[in-house]
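Peer 1: Dropping the structure in here first, questions after.
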Amino acid sequence: MDGDTFRILRQQRGLTLQDVATRSGLSRSYLSEIENGKKQPSVKALEAIAAALNVSLKVLLPEAKETEIGLGERLRLAREREGMSLTEVAEAVGISSGYLGEIERGQALPAVDTLRQLAEVVALPLSQAFKCGTIGDRVGMLRERLGLSRAELAQMAGVTPSFIAQLENNKTQASLLTLRRISQCLGVSTCYLILEDDSAEEMIRLLNPELRELLQEPRIQLVLRMVCDMTEKEFAFLLQFIRLLKQSGLQ
């Protein structure tokens, strides 16, 4: 929360810091540090302040600023929503609380396996942790990780920089063929850009044990990888072939 926003809202309502302290149950000194930008309030403190000022949390955390929140901050907010301490989460994941503190402050980046465990413990979907729920979000995230400009990615994928910009801003959609070229440039499968990880994981959890076991077979995984890299025409041909195969009644 921006301290200036807090001060403006408080003054607009004719409230002193002590008034807000009394209404929120927070100390006046703590509120003063928040207002002066010396401290960032926890989720519970934000909720108390919002109630004291009679505003919604969205007013204190505008969408424009939420997009600037980093991975560590999102993990911290999720942890506090769950009412868990640094020590509790660190012990559950098997890391030190000091290291977790560095992650939350943006001073360290966890390994992928550690991040998955952290996200699971604090009930934060990975798509929200990375802010990559859409195709455009994922393209932008991967492009920045590789240190590519939009113009460079556009040249590699055979599209225009303005198309990449529109795609990343979720203002346009790409064909499967274009997504395939972009995914190859970014070093990921087309499936990674298309599928939402959380919904896919939920779907797998709902499968019966026999089908989950079948999906672990190398030959099945090979087929799935091949499907991921298919063009739109190839995929349409495959679907038609499957329909004909089922109609033929072959066992």
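Just so we're on the same page: first chain in the structure tokens is A, next is B, and so on; residues restart at 1 for each chain, and ligands are numbered from 1 in the order they show up.
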Excluding Asp4 (chain A) and any residue of its chain fewer than 3 positions from it, enumerate the residues within 8 Å of it, using only C-alpha atoms, and give them as a PyMOL selection string.
Peer 2: chain A and resi 7-8+35-36
Peer 1: Could you please take those selected residues and save N, CA and C atoms as a compact mmCIF listing (two decimals), in the first residue's frame?
Peer 2:
```txt
# COMPACT_ATOMS: atom_id res chain seq x y z
N ARG A 7 -2.62 8.35 3.55
CA ARG A 7 -2.73 9.69 4.14
C ARG A 7 -3.90 10.47 3.51
N ILE A 8 -4.01 10.40 2.19
CA ILE A 8 -5.08 11.13 1.49
C ILE A 8 -6.45 10.62 1.92
N GLU A 35 2.28 5.11 6.82
CA GLU A 35 1.97 6.35 6.11
C GLU A 35 3.23 7.02 5.58
N ASN A 36 4.33 6.87 6.30
CA ASN A 36 5.59 7.48 5.89
C ASN A 36 6.42 6.57 5.00
```
Peer 1: So which residues of region 92-127 of chain A fall under alpha helix (DSSP H) by DSSP, listed as a compact mmCIF listing (two decimals) with C-alpha atoms, in the first residue's frame?
Peer 2:
```
# COMPACT_ATOMS: atom_id res chain seq x y z
CA ALA A 92 6.94 -27.34 5.71
CA VAL A 93 9.11 -26.83 2.61
CA SER A 97 13.21 -19.09 7.45
CA GLY A 98 16.07 -16.74 6.57
CA TYR A 99 16.14 -18.04 3.00
CA LEU A 100 12.36 -17.76 2.75
CA GLY A 101 12.61 -14.18 3.97
CA GLU A 102 15.09 -13.43 1.18
CA ILE A 103 12.72 -14.95 -1.37
CA GLU A 104 9.81 -12.86 -0.13
CA VAL A 112 11.57 -24.72 -9.43
CA ASP A 113 10.90 -27.62 -7.06
CA THR A 114 11.16 -25.31 -4.04
CA LEU A 115 8.79 -22.82 -5.67
CA ARG A 116 6.25 -25.55 -6.36
CA GLN A 117 6.37 -26.64 -2.72
CA LEU A 118 6.05 -23.05 -1.49
CA ALA A 119 3.09 -22.40 -3.75
CA GLU A 120 1.39 -25.58 -2.56
CA VAL A 121 1.93 -24.80 1.14
CA LEU A 126 1.59 -21.21 -9.91
CA SER A 127 -0.18 -19.22 -12.63
```
Peer 1: Could you give me, as a list in words, the residues within 10 Å of Asn54 (chain A), counting only C-alpha atoms and dropping anything in the same chain fewer than 5 positions from it?
Peer 2: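 Everything that qualifies: Leu9, Arg13, Ala48 and Ile49 of chain A.
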Peer 1: With N, CA and C atoms retained, could you export that selection as a PDB file, in the first residue's frame?
Peer 2:
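Result file is result13.pdb:
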```
ATOM      1  N   LEU A   9      -6.601   9.301   1.949  1.00  0.00           N
ATOM      2  CA  LEU A   9      -7.894   8.730   2.344  1.00  0.00           C
ATOM      3  C   LEU A   9      -8.243   9.095   3.782  1.00  0.00           C
ATOM      4  N   ARG A  13     -11.381  11.873   5.133  1.00  0.00           N
ATOM      5  CA  ARG A  13     -12.429  11.479   6.067  1.00  0.00           C
ATOM      6  C   ARG A  13     -12.317  12.225   7.401  1.00  0.00           C
ATOM      7  N   ALA A  48      -7.795  -4.401   8.191  1.00  0.00           N
ATOM      8  CA  ALA A  48      -8.209  -3.575   9.324  1.00  0.00           C
ATOM      9  C   ALA A  48      -8.237  -2.098   8.940  1.00  0.00           C
ATOM     10  N   ILE A  49      -7.233  -1.657   8.186  1.00  0.00           N
ATOM     11  CA  ILE A  49      -7.172  -0.262   7.752  1.00  0.00           C
ATOM     12  C   ILE A  49      -8.321   0.052   6.792  1.00  0.00           C
TER      13      ILE A  49
END
```
Peer 1: Could you tell me how far CA of Gly140 (chain A) lies from CA of Phe235 (chain A), in Å and to one decimal?
Peer 2: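 For CA of Gly140 (chain A) relative to CA of Phe235 (chain A), the distance reads 26.0 Å.
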Peer 1: So, counting only C-alpha atoms, which residue among A:Glu47, A:Thr160, A:Phe6, A:Val122 is closest to Ser85 (chain A)?
Peer 2: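 That would be A:Val122, the residue with the smallest distance to Ser85 (chain A).
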Peer 1: From the list A:Leu179, A:Val43, A:Asp2, A:Leu17, which residue is nearest Glu82 (chain A) when using only C-alpha atoms?
Peer 2: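 Using only C-alpha atoms, the shortest distance to Glu82 (chain A) belongs to A:Val43.
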Peer 1: Just checking: using only C-alpha atoms, which residue out of A:Leu75, A:Val89, A:Ile242, A:Ala157 ends up closest to Pro125 (chain A)?
Peer 2: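 Of all the options, A:Leu75 lies closest to Pro125 (chain A).
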Peer 1: One decimal, Å: what's the distance from CA of Glu91 (chain A) over to CA of Ala111 (chain A), could you say?
Peer 2: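 Here the two named atoms are 16.4 Å from each other.
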